[in-house]
Amino acid sequence: MLQSTLATKTSKENPKDEHALNAQLLVRAGYVDKVLAGVYAYLPLGTIVLRKIEQIVREEMDRVGGQEIFMSSLHPKENWIATGRWESLDALFKLTSRYDNEYALGATHEEEVVPLMGKFIRSYRDLPFAVYQIQTKFRDEPRAKSGLLRGREFRMKDMYSFHTNTTDLDTYYSRVIEAYRAVFSRLGLDAILTEASGGSFSKLSHEFQVVTETGEDTIFYCKQCDKAVNKEISDRGLCMTCGAVGAPLRASEVGNIFKLGTKYTDPFDCSFTDEHGASVRAVMGCYGIGTSRLMGTIAEVTADEKGLAWPESVAPFSVHLLALPGKKADIAATIMTRVRSLYDQLTAKGNAVLFDDRDVSAGEKFADSDLLGVPLRAVVSEKTLASNSVEVKERKSSDARLVTIDQFLSR
RNA sequence: CGGGCUGUCGUAUACCGGUAGUACGCUUGGUUUGGGACCAAGUAGACUGGGUUCGAUUCCCAGCAGCCCGACCA
């Protein structure tokens, strides 16, 4: 799109109410805007990035047989009473209507998905299956912090699998681990499989952790096993596999998976009839990925002192085209004609191009380009046109090179 | 939820118990144009509620909001 028509602008100043790098850069570059502590609005650029992240997650969940659904955010109180979490989950947002009815805002969806899918679980022939959704979650966090890494309203993919027995759950659980690896790999992240506490869900769980100082978790990483253990279950940092002492690292948890067993099928009596005619409780697993936290984490770990630097897979555009028309009116007109034509051709070939056609200084265009973090920058000026070229530079590289327009178009 | 810090033009900041200044932004005009250009003019501000005081943006109290540390959490 044309940068002159982009609905947002960049800012030179860091917002004073943001301390975390991801939030400072995302706000300055106009990807998001803070609404409340831990609550952000997604602007045009941020919406594209979030959507690209969620599409990658969606594709990998589909690949392991997940069926996408979309549950409600407004929940009946009774479901949360049934599991005891109306009282025990401190972070649950509760609200009272003008008719004095009480509701919960969805902090997670076990209380919804079990009664919902339980309506269709009758026979062992109906199992296994997995359903997932990508949705906004609400958690009344006592302390929102670190920009997009810990919000009170945030985006999450949550998948729930239903099985006839724990062996079948174990098999599927392993497949999801591989699906998660694929997600993080496509997002350009090095996510470490980490053994962790199951919290209120189960004895143990697995997390995927991305190493960053802004992260809230401390993990002990074992190089030999390429695995880690969360400090919450191992104060001494011993590897759960080989027993070696791991290196302590700060990390951001971008995924978390649990074997729930019958913890949630019990209270809702979610059962099926087995081959022998007996009624058996269904067994569950649940699998979360915080997609808005992922956006913050990617921003955080890829940024440099000049700004954001998105990996191609989630970047809002693949090419940032800068026109530097210069001061001579006749030459400037020629340059703008040529660069508009180049923009049209790139777009026609399916490139997502951000075209800086604004009438601002070259320095401002370069600075904005670095801040926005589009993976490839292409500059057209009097100099480059003299050799019928564009100057190309990867955001993460400091070397620019001249490439002929034909080569650039056929890259 | 405990502890600490902070609330001033759109943004970032300064000063002050006596009519609030600077920079950026924005508007207009002119000069500029390969790393956030320059000149001129204009634009716009003290979180809310109490209290002290002749007078409060400044001091005190409360509320609200934000940030940081801790506890908690995807």
# chains A, B, ... in the order shown; residues from 1 in each chain; ligands from 1
$ closest_atom_pairs --of "chain B" --to "chain A" --cutoff "12 Å" --atoms "only C-alpha atoms (C1' of nucleotides)" --output "Markdown table"
| residue | atom | partner | partner_atom | distance |
| --- | --- | --- | --- | --- |
| B:C1 | C1' | A:Pro142 | CA | 7.1 |
| B:G2 | C1' | A:Pro142 | CA | 11.5 |
| B:U6 | C1' | A:Asp17 | CA | 9.8 |
| B:G7 | C1' | A:Asp17 | CA | 10.8 |
| B:G10 | C1' | A:Ser11 | CA | 11.4 |
| B:U11 | C1' | A:Glu13 | CA | 7.0 |
| B:A12 | C1' | A:Glu13 | CA | 6.2 |
| B:U13 | C1' | A:Lys16 | CA | 10.5 |
| B:A23 | C1' | A:Glu13 | CA | 11.1 |
| B:C24 | C1' | A:Lys12 | CA | 8.0 |
| B:G25 | C1' | A:Ser11 | CA | 9.1 |
| B:U31 | C1' | A:Lys327 | CA | 11.9 |
| B:U32 | C1' | A:Lys327 | CA | 8.2 |
| B:U33 | C1' | A:Gly326 | CA | 5.4 |
| B:G34 | C1' | A:Ala362 | CA | 6.1 |
| B:G35 | C1' | A:Gly363 | CA | 4.1 |
| B:G36 | C1' | A:Glu364 | CA | 4.4 |
| B:A37 | C1' | A:Ser361 | CA | 7.5 |
| B:A65 | C1' | A:Leu36 | CA | 9.0 |
| B:G66 | C1' | A:Asp17 | CA | 6.0 |
| B:C67 | C1' | A:Asp17 | CA | 5.9 |
| B:C68 | C1' | A:His19 | CA | 8.8 |
| B:C69 | C1' | A:Arg143 | CA | 11.5 |
| B:G70 | C1' | A:Arg143 | CA | 10.9 |
| B:A71 | C1' | A:Pro142 | CA | 9.7 |
| B:C72 | C1' | A:Pro142 | CA | 7.5 |
| B:C73 | C1' | A:Glu141 | CA | 7.3 |
| B:A74 | C1' | A:Gly290 | CA | 6.1 |
$ write_last_selection --atoms "C-alpha atoms (C1' of nucleotides)" --output "mmCIF file, in the first residue's frame"
data_model
loop_
_atom_site.group_PDB
_atom_site.id
_atom_site.type_symbol
_atom_site.label_atom_id
_atom_site.label_comp_id
_atom_site.auth_asym_id
_atom_site.auth_seq_id
_atom_site.Cartn_x
_atom_site.Cartn_y
_atom_site.Cartn_z
ATOM 1 C "C1'" C B 1 -2.716 -8.291 46.050
ATOM 2 C "C1'" G B 2 1.813 -6.116 49.093
ATOM 3 C "C1'" U B 6 4.955 8.827 38.529
ATOM 4 C "C1'" G B 7 0.496 11.785 36.571
ATOM 5 C "C1'" G B 10 -1.382 15.169 20.454
ATOM 6 C "C1'" U B 11 3.848 13.123 22.075
ATOM 7 C "C1'" A B 12 8.307 13.724 25.166
ATOM 8 C "C1'" U B 13 9.832 16.892 28.910
ATOM 9 C "C1'" A B 23 11.412 20.213 21.676
ATOM 10 C "C1'" C B 24 8.763 17.113 18.341
ATOM 11 C "C1'" G B 25 3.967 16.995 15.952
ATOM 12 C "C1'" U B 31 14.244 27.633 1.503
ATOM 13 C "C1'" U B 32 15.606 22.342 1.322
ATOM 14 C "C1'" U B 33 15.892 16.800 -0.320
ATOM 15 C "C1'" G B 34 20.704 9.664 0.262
ATOM 16 C "C1'" G B 35 20.080 8.810 7.212
ATOM 17 C "C1'" G B 36 14.641 11.606 11.398
ATOM 18 C "C1'" A B 37 16.583 19.431 7.166
ATOM 19 C "C1'" A B 65 -4.622 5.795 36.095
ATOM 20 C "C1'" G B 66 0.338 4.222 34.476
ATOM 21 C "C1'" C B 67 5.244 2.065 35.255
ATOM 22 C "C1'" C B 68 8.790 -0.890 38.213
ATOM 23 C "C1'" C B 69 9.899 -4.948 42.125
ATOM 24 C "C1'" G B 70 7.522 -9.105 44.448
ATOM 25 C "C1'" A B 71 3.525 -12.722 44.732
ATOM 26 C "C1'" C B 72 0.451 -14.831 40.780
ATOM 27 C "C1'" C B 73 -0.183 -16.300 35.688
ATOM 28 C "C1'" A B 74 -0.741 -18.366 28.804
#
$ select_by_dssp --residues "segment 23-152 of chain A" --states "helix (DSSP H, G or I)" --output "ChimeraX atom specification"
/A:23-28,44-63,77-83,85-88,110-118,124-126,147-149
$ residues_around --residues "Ala82 of chain A" --least-positions-apart "4" --cutoff "8 Å" --atoms "only C-alpha atoms (C1' of nucleotides)" --output "PyMOL selection string"
chain A and resi 78+267-268
$ write_last_selection --atoms "C-alpha atoms" --output "tab-separated table (two decimals), in the first residue's frame"
chain	number	residue	atom	x	y	z
A	78	GLU	CA	-23.03	-22.50	36.12
A	267	PRO	CA	-17.75	-32.61	36.27
A	268	PHE	CA	-19.74	-32.51	33.04
$ select_by_dssp --residues "segment 17-143 of chain A" --states "strand (DSSP E or B)" --output "JSON, numbers by chain"
{"A": [32, 33, 34, 35, 36, 39, 40, 41, 42, 66, 67, 68, 74, 75, 76, 94, 95, 96, 102, 103, 104, 105, 123, 129, 130, 131, 132, 133, 134, 135, 136, 137, 138]}
$ residues_around --residues "segment 56-60 of chain B" --least-positions-apart "6" --cutoff "9 Å" --atoms "only C-alpha atoms (C1' of nucleotides)" --output "PyMOL selection string"
chain B and resi 8+16-17+20+46
$ write_last_selection --atoms "C-alpha atoms (C1' of nucleotides)" --output "PDB file, in the first residue's frame"
ATOM      1  C1'   U B   8       1.857  19.150  32.910  1.00  0.00           C
ATOM      2  C1'   C B  16       7.329  27.351  39.776  1.00  0.00           C
ATOM      3  C1'   G B  17       2.988  28.868  46.339  1.00  0.00           C
ATOM      4  C1'   A B  20       3.143  27.465  32.645  1.00  0.00           C
ATOM      5  C1'   A B  46      -1.534  21.055  34.854  1.00  0.00           C
TER       6        A B  46
END
